[in-house]
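**Q** First the structure, then my questions, so here it is.
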Amino acid sequence: MKKFTKVIVKMMKEEKLYGSQGGPIVLSQIENEYNTIQIAFKDKGASYVQWVALGTVVPWVMCKQKDAPDPVINACNGRNCRDTFTGPNKPYKPVLWTENWTAQYRSFGDPPSQRSAEDLAYSVARFFLKNSTLNNYYMVQLVLNF
């Protein structure tokens with residue numbers, strides 16, 4: 001993973017794709033919810049988290065990673081991050097909600113679990129009352145009835 005990521009970061013820098021180089025990329029996500037499986041790797045799980053800051057010129061995000069090393073920003077994923085996210089692991093990091101779940105994962109045959117627009121708006125408003133910085137909708141789902 002480290003070797004692959006270094007190659008990608010180098011390519012992005014060479015193409016001047018990062019925001020600080022005039023490009024469109026202002027944030028990168030290196031892992032998603034790694035915290036949920038980290039314990040399975042014991043000591044190697046913790047050391048894996050430490051290499052992720054590879055010198056990009058934009059911030060890295062790790063969702064649900066409570067021990068995200070500087071300059072990586074730990075972020076929230078979920079339905080109501082105002083209530084479930086304790087905040088970034090350092091006071092100078094922004095409060096990010098990278099996956100505001102508009103629906104829940106489904107298996108074939110499961111009923112839809114789509115949230116109403118009112119519920120989404122209410123949860124976002126409450127999140128920003130917590131001096132938050134970013135909300136990103138995730139898994140927007142259309143249900144068409146014919």
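Residues in the structure tokens are numbered from 1 in each chain, the chains being A, B, ... in the order shown, and ligands are numbered from 1 in the order shown.
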Residues within 7 Å of Ser132 in chain A, please, as a list in words. Count only C-alpha atoms; anything in the same chain fewer than 4 positions from it doesn't count.
**A**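 Near neighbours after the sequence-gap exclusion: Pro94, Val95, Leu96, Phe127 and Phe128 of chain A.
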**Q** Give me the residues near Glu14 in chain A as a PDB file with N, CA, C and O atoms, in the first residue's frame, where near means some atom within 12 Å (using only C-alpha atoms) and where sequence neighbours in that chain fewer than 5 positions away do not count.
**A**
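Result went into out27.pdb, see below:
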```
ATOM      1  N   VAL A   7       3.646   6.131  -5.404  1.00  0.00           N
ATOM      2  CA  VAL A   7       3.607   6.275  -6.867  1.00  0.00           C
ATOM      3  C   VAL A   7       2.472   7.222  -7.266  1.00  0.00           C
ATOM      4  O   VAL A   7       2.671   8.124  -8.093  1.00  0.00           O
ATOM      5  N   ILE A   8       1.307   7.031  -6.681  1.00  0.00           N
ATOM      6  CA  ILE A   8       0.152   7.870  -7.014  1.00  0.00           C
ATOM      7  C   ILE A   8       0.402   9.319  -6.609  1.00  0.00           C
ATOM      8  O   ILE A   8       0.140  10.253  -7.387  1.00  0.00           O
ATOM      9  N   VAL A   9       0.927   9.548  -5.403  1.00  0.00           N
ATOM     10  CA  VAL A   9       1.212  10.910  -4.935  1.00  0.00           C
ATOM     11  C   VAL A   9       2.221  11.587  -5.864  1.00  0.00           C
ATOM     12  O   VAL A   9       2.058  12.748  -6.238  1.00  0.00           O
ATOM     13  N   GLN A  21      -0.885  23.624  -5.915  1.00  0.00           N
ATOM     14  CA  GLN A  21      -0.178  23.739  -7.187  1.00  0.00           C
ATOM     15  C   GLN A  21      -1.076  24.339  -8.270  1.00  0.00           C
ATOM     16  O   GLN A  21      -0.707  24.363  -9.430  1.00  0.00           O
ATOM     17  N   GLY A  23      -4.151  23.037  -8.874  1.00  0.00           N
ATOM     18  CA  GLY A  23      -5.043  21.978  -9.333  1.00  0.00           C
ATOM     19  C   GLY A  23      -6.329  21.899  -8.536  1.00  0.00           C
ATOM     20  O   GLY A  23      -6.536  22.645  -7.578  1.00  0.00           O
ATOM     21  N   THR A  56       2.027  14.784   0.815  1.00  0.00           N
ATOM     22  CA  THR A  56       1.172  15.447  -0.163  1.00  0.00           C
ATOM     23  C   THR A  56       1.088  16.905   0.252  1.00  0.00           C
ATOM     24  O   THR A  56       1.389  17.265   1.371  1.00  0.00           O
TER      25      THR A  56
END
```
**Q** Check range 24-67 of chain A with DSSP on the backbone and list each residue it calls strand (DSSP E or B), as number ranges by chain.
**A** A: 25, 28-32, 60-63
**Q** Among chain A, which residues does DSSP mark as helix (DSSP H, G or I) when it is run on the backbone? Keep the chain and numbering as in the structure and answer as a PDB file with N, CA, C and O atoms, in the first residue's frame.
**A**
```pdb
ATOM      1  N   LYS A   2       1.918   1.250   0.816  1.00  0.00           N
ATOM      2  CA  LYS A   2       2.795   2.423   0.895  1.00  0.00           C
ATOM      3  C   LYS A   2       3.469   2.683  -0.454  1.00  0.00           C
ATOM      4  O   LYS A   2       3.502   3.816  -0.942  1.00  0.00           O
ATOM      5  N   LYS A   3       3.974   1.626  -1.072  1.00  0.00           N
ATOM      6  CA  LYS A   3       4.647   1.766  -2.367  1.00  0.00           C
ATOM      7  C   LYS A   3       3.677   2.302  -3.418  1.00  0.00           C
ATOM      8  O   LYS A   3       3.989   3.233  -4.165  1.00  0.00           O
ATOM      9  N   PHE A   4       2.481   1.727  -3.468  1.00  0.00           N
ATOM     10  CA  PHE A   4       1.461   2.152  -4.413  1.00  0.00           C
ATOM     11  C   PHE A   4       1.084   3.621  -4.189  1.00  0.00           C
ATOM     12  O   PHE A   4       1.013   4.416  -5.132  1.00  0.00           O
ATOM     13  N   THR A   5       0.868   3.994  -2.926  1.00  0.00           N
ATOM     14  CA  THR A   5       0.461   5.362  -2.608  1.00  0.00           C
ATOM     15  C   THR A   5       1.540   6.365  -2.980  1.00  0.00           C
ATOM     16  O   THR A   5       1.250   7.444  -3.502  1.00  0.00           O
ATOM     17  N   LYS A   6       2.797   6.016  -2.736  1.00  0.00           N
ATOM     18  CA  LYS A   6       3.891   6.916  -3.121  1.00  0.00           C
ATOM     19  C   LYS A   6       3.902   7.166  -4.628  1.00  0.00           C
ATOM     20  O   LYS A   6       4.132   8.287  -5.078  1.00  0.00           O
ATOM     21  N   VAL A   7       3.646   6.131  -5.404  1.00  0.00           N
ATOM     22  CA  VAL A   7       3.607   6.275  -6.867  1.00  0.00           C
ATOM     23  C   VAL A   7       2.472   7.222  -7.266  1.00  0.00           C
ATOM     24  O   VAL A   7       2.671   8.124  -8.093  1.00  0.00           O
ATOM     25  N   ILE A   8       1.307   7.031  -6.681  1.00  0.00           N
ATOM     26  CA  ILE A   8       0.152   7.870  -7.014  1.00  0.00           C
ATOM     27  C   ILE A   8       0.402   9.319  -6.609  1.00  0.00           C
ATOM     28  O   ILE A   8       0.140  10.253  -7.387  1.00  0.00           O
ATOM     29  N   VAL A   9       0.927   9.548  -5.403  1.00  0.00           N
ATOM     30  CA  VAL A   9       1.212  10.910  -4.935  1.00  0.00           C
ATOM     31  C   VAL A   9       2.221  11.587  -5.864  1.00  0.00           C
ATOM     32  O   VAL A   9       2.058  12.748  -6.238  1.00  0.00           O
ATOM     33  N   LYS A  10       3.243  10.856  -6.269  1.00  0.00           N
ATOM     34  CA  LYS A  10       4.253  11.410  -7.175  1.00  0.00           C
ATOM     35  C   LYS A  10       3.613  11.814  -8.507  1.00  0.00           C
ATOM     36  O   LYS A  10       3.875  12.898  -9.040  1.00  0.00           O
ATOM     37  N   MET A  11       2.763  10.949  -9.048  1.00  0.00           N
ATOM     38  CA  MET A  11       2.077  11.255 -10.307  1.00  0.00           C
ATOM     39  C   MET A  11       1.201  12.504 -10.170  1.00  0.00           C
ATOM     40  O   MET A  11       1.188  13.358 -11.058  1.00  0.00           O
ATOM     41  N   MET A  12       0.498  12.602  -9.054  1.00  0.00           N
ATOM     42  CA  MET A  12      -0.380  13.752  -8.832  1.00  0.00           C
ATOM     43  C   MET A  12       0.430  15.042  -8.753  1.00  0.00           C
ATOM     44  O   MET A  12       0.022  16.061  -9.308  1.00  0.00           O
ATOM     45  N   LYS A  13       1.568  14.980  -8.061  1.00  0.00           N
ATOM     46  CA  LYS A  13       2.422  16.163  -7.949  1.00  0.00           C
ATOM     47  C   LYS A  13       2.989  16.552  -9.313  1.00  0.00           C
ATOM     48  O   LYS A  13       3.018  17.731  -9.669  1.00  0.00           O
ATOM     49  N   GLU A  14       3.453  15.567 -10.069  1.00  0.00           N
ATOM     50  CA  GLU A  14       4.016  15.850 -11.394  1.00  0.00           C
ATOM     51  C   GLU A  14       2.993  16.505 -12.316  1.00  0.00           C
ATOM     52  O   GLU A  14       3.342  17.354 -13.141  1.00  0.00           O
ATOM     53  N   GLY A  19      -4.305  21.323  -4.974  1.00  0.00           N
ATOM     54  CA  GLY A  19      -4.765  22.697  -4.871  1.00  0.00           C
ATOM     55  C   GLY A  19      -3.650  23.699  -4.689  1.00  0.00           C
ATOM     56  O   GLY A  19      -3.667  24.782  -5.293  1.00  0.00           O
ATOM     57  N   SER A  20      -2.656  23.365  -3.892  1.00  0.00           N
ATOM     58  CA  SER A  20      -1.549  24.299  -3.660  1.00  0.00           C
ATOM     59  C   SER A  20      -0.682  24.487  -4.905  1.00  0.00           C
ATOM     60  O   SER A  20       0.138  25.394  -4.959  1.00  0.00           O
ATOM     61  N   GLN A  21      -0.885  23.624  -5.915  1.00  0.00           N
ATOM     62  CA  GLN A  21      -0.178  23.739  -7.187  1.00  0.00           C
ATOM     63  C   GLN A  21      -1.076  24.339  -8.270  1.00  0.00           C
ATOM     64  O   GLN A  21      -0.707  24.363  -9.430  1.00  0.00           O
ATOM     65  N   ASN A  35      -9.801   1.913  11.399  1.00  0.00           N
ATOM     66  CA  ASN A  35      -9.867   1.711  12.838  1.00  0.00           C
ATOM     67  C   ASN A  35     -10.650   0.455  13.219  1.00  0.00           C
ATOM     68  O   ASN A  35     -10.358  -0.190  14.220  1.00  0.00           O
ATOM     69  N   THR A  36     -11.646   0.088  12.397  1.00  0.00           N
ATOM     70  CA  THR A  36     -12.481  -1.063  12.717  1.00  0.00           C
ATOM     71  C   THR A  36     -11.754  -2.402  12.550  1.00  0.00           C
ATOM     72  O   THR A  36     -12.161  -3.397  13.135  1.00  0.00           O
ATOM     73  N   ILE A  37     -10.682  -2.440  11.765  1.00  0.00           N
ATOM     74  CA  ILE A  37      -9.935  -3.691  11.583  1.00  0.00           C
ATOM     75  C   ILE A  37      -8.502  -3.620  12.109  1.00  0.00           C
ATOM     76  O   ILE A  37      -7.795  -4.615  12.126  1.00  0.00           O
ATOM     77  N   GLN A  38      -8.068  -2.449  12.536  1.00  0.00           N
ATOM     78  CA  GLN A  38      -6.683  -2.243  12.971  1.00  0.00           C
ATOM     79  C   GLN A  38      -6.259  -3.232  14.050  1.00  0.00           C
ATOM     80  O   GLN A  38      -5.153  -3.763  14.012  1.00  0.00           O
ATOM     81  N   ILE A  39      -7.112  -3.523  14.990  1.00  0.00           N
ATOM     82  CA  ILE A  39      -6.774  -4.405  16.110  1.00  0.00           C
ATOM     83  C   ILE A  39      -6.391  -5.810  15.638  1.00  0.00           C
ATOM     84  O   ILE A  39      -5.581  -6.489  16.262  1.00  0.00           O
ATOM     85  N   ALA A  40      -6.932  -6.236  14.517  1.00  0.00           N
ATOM     86  CA  ALA A  40      -6.626  -7.575  13.996  1.00  0.00           C
ATOM     87  C   ALA A  40      -5.156  -7.722  13.613  1.00  0.00           C
ATOM     88  O   ALA A  40      -4.617  -8.820  13.607  1.00  0.00           O
ATOM     89  N   PHE A  41      -4.487  -6.595  13.330  1.00  0.00           N
ATOM     90  CA  PHE A  41      -3.092  -6.623  12.919  1.00  0.00           C
ATOM     91  C   PHE A  41      -2.115  -6.364  14.065  1.00  0.00           C
ATOM     92  O   PHE A  41      -0.915  -6.232  13.847  1.00  0.00           O
ATOM     93  N   LYS A  42      -2.651  -6.242  15.277  1.00  0.00           N
ATOM     94  CA  LYS A  42      -1.853  -6.025  16.489  1.00  0.00           C
ATOM     95  C   LYS A  42      -0.901  -4.841  16.333  1.00  0.00           C
ATOM     96  O   LYS A  42      -1.313  -3.775  15.939  1.00  0.00           O
ATOM     97  N   ASP A  43       0.390  -4.995  16.646  1.00  0.00           N
ATOM     98  CA  ASP A  43       1.350  -3.890  16.575  1.00  0.00           C
ATOM     99  C   ASP A  43       1.519  -3.356  15.152  1.00  0.00           C
ATOM    100  O   ASP A  43       1.756  -2.161  14.954  1.00  0.00           O
ATOM    101  N   LYS A  44       1.411  -4.230  14.177  1.00  0.00           N
ATOM    102  CA  LYS A  44       1.553  -3.787  12.790  1.00  0.00           C
ATOM    103  C   LYS A  44       0.389  -2.884  12.379  1.00  0.00           C
ATOM    104  O   LYS A  44       0.540  -2.036  11.514  1.00  0.00           O
ATOM    105  N   GLY A  45      -0.755  -3.051  13.008  1.00  0.00           N
ATOM    106  CA  GLY A  45      -1.899  -2.188  12.712  1.00  0.00           C
ATOM    107  C   GLY A  45      -1.617  -0.752  13.084  1.00  0.00           C
ATOM    108  O   GLY A  45      -1.915   0.165  12.329  1.00  0.00           O
ATOM    109  N   ALA A  46      -1.021  -0.534  14.239  1.00  0.00           N
ATOM    110  CA  ALA A  46      -0.694   0.825  14.683  1.00  0.00           C
ATOM    111  C   ALA A  46       0.422   1.427  13.829  1.00  0.00           C
ATOM    112  O   ALA A  46       0.384   2.612  13.487  1.00  0.00           O
ATOM    113  N   SER A  47       1.412   0.627  13.461  1.00  0.00           N
ATOM    114  CA  SER A  47       2.512   1.166  12.658  1.00  0.00           C
ATOM    115  C   SER A  47       2.037   1.521  11.246  1.00  0.00           C
ATOM    116  O   SER A  47       2.541   2.449  10.634  1.00  0.00           O
ATOM    117  N   TYR A  48       1.049   0.800  10.740  1.00  0.00           N
ATOM    118  CA  TYR A  48       0.485   1.097   9.426  1.00  0.00           C
ATOM    119  C   TYR A  48      -0.097   2.506   9.398  1.00  0.00           C
ATOM    120  O   TYR A  48       0.074   3.242   8.433  1.00  0.00           O
ATOM    121  N   VAL A  49      -0.775   2.894  10.459  1.00  0.00           N
ATOM    122  CA  VAL A  49      -1.391   4.214  10.533  1.00  0.00           C
ATOM    123  C   VAL A  49      -0.342   5.318  10.464  1.00  0.00           C
ATOM    124  O   VAL A  49      -0.577   6.387   9.912  1.00  0.00           O
ATOM    125  N   GLN A  50       0.852   5.071  10.969  1.00  0.00           N
ATOM    126  CA  GLN A  50       1.870   6.108  11.076  1.00  0.00           C
ATOM    127  C   GLN A  50       2.512   6.507   9.746  1.00  0.00           C
ATOM    128  O   GLN A  50       3.032   7.605   9.626  1.00  0.00           O
ATOM    129  N   CYS A  81     -23.466  12.784  13.072  1.00  0.00           N
ATOM    130  CA  CYS A  81     -22.123  13.024  13.614  1.00  0.00           C
ATOM    131  C   CYS A  81     -22.095  14.052  14.737  1.00  0.00           C
ATOM    132  O   CYS A  81     -21.163  14.072  15.527  1.00  0.00           O
ATOM    133  N   ARG A  82     -23.087  14.888  14.838  1.00  0.00           N
ATOM    134  CA  ARG A  82     -23.155  15.820  15.979  1.00  0.00           C
ATOM    135  C   ARG A  82     -23.170  15.019  17.278  1.00  0.00           C
ATOM    136  O   ARG A  82     -22.547  15.396  18.261  1.00  0.00           O
ATOM    137  N   ASP A  83     -23.869  13.890  17.279  1.00  0.00           N
ATOM    138  CA  ASP A  83     -24.020  13.089  18.492  1.00  0.00           C
ATOM    139  C   ASP A  83     -22.953  12.019  18.652  1.00  0.00           C
ATOM    140  O   ASP A  83     -22.633  11.636  19.773  1.00  0.00           O
ATOM    141  N   THR A  84     -22.412  11.518  17.551  1.00  0.00           N
ATOM    142  CA  THR A  84     -21.529  10.354  17.635  1.00  0.00           C
ATOM    143  C   THR A  84     -20.044  10.668  17.524  1.00  0.00           C
ATOM    144  O   THR A  84     -19.221   9.858  17.918  1.00  0.00           O
ATOM    145  N   ALA A 117     -35.426  14.260   3.637  1.00  0.00           N
ATOM    146  CA  ALA A 117     -34.668  15.500   3.457  1.00  0.00           C
ATOM    147  C   ALA A 117     -34.662  16.310   4.746  1.00  0.00           C
ATOM    148  O   ALA A 117     -33.658  16.935   5.101  1.00  0.00           O
ATOM    149  N   GLU A 118     -35.761  16.294   5.474  1.00  0.00           N
ATOM    150  CA  GLU A 118     -35.863  17.029   6.736  1.00  0.00           C
ATOM    151  C   GLU A 118     -34.888  16.486   7.776  1.00  0.00           C
ATOM    152  O   GLU A 118     -34.231  17.251   8.492  1.00  0.00           O
ATOM    153  N   ASP A 119     -34.776  15.159   7.855  1.00  0.00           N
ATOM    154  CA  ASP A 119     -33.849  14.543   8.807  1.00  0.00           C
ATOM    155  C   ASP A 119     -32.406  14.882   8.453  1.00  0.00           C
ATOM    156  O   ASP A 119     -31.592  15.204   9.329  1.00  0.00           O
ATOM    157  N   LEU A 120     -32.076  14.827   7.172  1.00  0.00           N
ATOM    158  CA  LEU A 120     -30.726  15.192   6.729  1.00  0.00           C
ATOM    159  C   LEU A 120     -30.412  16.647   7.058  1.00  0.00           C
ATOM    160  O   LEU A 120     -29.353  16.962   7.606  1.00  0.00           O
ATOM    161  N   ALA A 121     -31.338  17.538   6.736  1.00  0.00           N
ATOM    162  CA  ALA A 121     -31.119  18.966   6.989  1.00  0.00           C
ATOM    163  C   ALA A 121     -30.952  19.237   8.477  1.00  0.00           C
ATOM    164  O   ALA A 121     -30.077  20.014   8.892  1.00  0.00           O
ATOM    165  N   TYR A 122     -31.754  18.599   9.294  1.00  0.00           N
ATOM    166  CA  TYR A 122     -31.682  18.789  10.742  1.00  0.00           C
ATOM    167  C   TYR A 122     -30.333  18.301  11.286  1.00  0.00           C
ATOM    168  O   TYR A 122     -29.692  18.982  12.084  1.00  0.00           O
ATOM    169  N   SER A 123     -29.886  17.141  10.828  1.00  0.00           N
ATOM    170  CA  SER A 123     -28.615  16.602  11.330  1.00  0.00           C
ATOM    171  C   SER A 123     -27.435  17.470  10.882  1.00  0.00           C
ATOM    172  O   SER A 123     -26.484  17.677  11.645  1.00  0.00           O
ATOM    173  N   VAL A 124     -27.492  18.019   9.677  1.00  0.00           N
ATOM    174  CA  VAL A 124     -26.424  18.902   9.196  1.00  0.00           C
ATOM    175  C   VAL A 124     -26.419  20.211   9.981  1.00  0.00           C
ATOM    176  O   VAL A 124     -25.360  20.694  10.407  1.00  0.00           O
ATOM    177  N   ALA A 125     -27.585  20.785  10.214  1.00  0.00           N
ATOM    178  CA  ALA A 125     -27.665  22.030  10.979  1.00  0.00           C
ATOM    179  C   ALA A 125     -27.091  21.824  12.384  1.00  0.00           C
ATOM    180  O   ALA A 125     -26.312  22.655  12.878  1.00  0.00           O
ATOM    181  N   ARG A 126     -27.450  20.726  13.022  1.00  0.00           N
ATOM    182  CA  ARG A 126     -26.930  20.433  14.366  1.00  0.00           C
ATOM    183  C   ARG A 126     -25.418  20.239  14.333  1.00  0.00           C
ATOM    184  O   ARG A 126     -24.706  20.658  15.238  1.00  0.00           O
ATOM    185  N   PHE A 127     -24.910  19.620  13.280  1.00  0.00           N
ATOM    186  CA  PHE A 127     -23.463  19.400  13.153  1.00  0.00           C
ATOM    187  C   PHE A 127     -22.719  20.725  13.047  1.00  0.00           C
ATOM    188  O   PHE A 127     -21.700  20.936  13.691  1.00  0.00           O
ATOM    189  N   PHE A 128     -23.238  21.641  12.249  1.00  0.00           N
ATOM    190  CA  PHE A 128     -22.569  22.934  12.088  1.00  0.00           C
ATOM    191  C   PHE A 128     -22.670  23.810  13.335  1.00  0.00           C
ATOM    192  O   PHE A 128     -21.839  24.691  13.534  1.00  0.00           O
TER     193      PHE A 128
END
```
**Q** Mind pulling up the distance from CA of Gln104 in chain A to CA of Arg79 in chain A?
**A**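 Pair CA of Arg79 in chain A / CA of Gln104 in chain A returns 9.0 Å.
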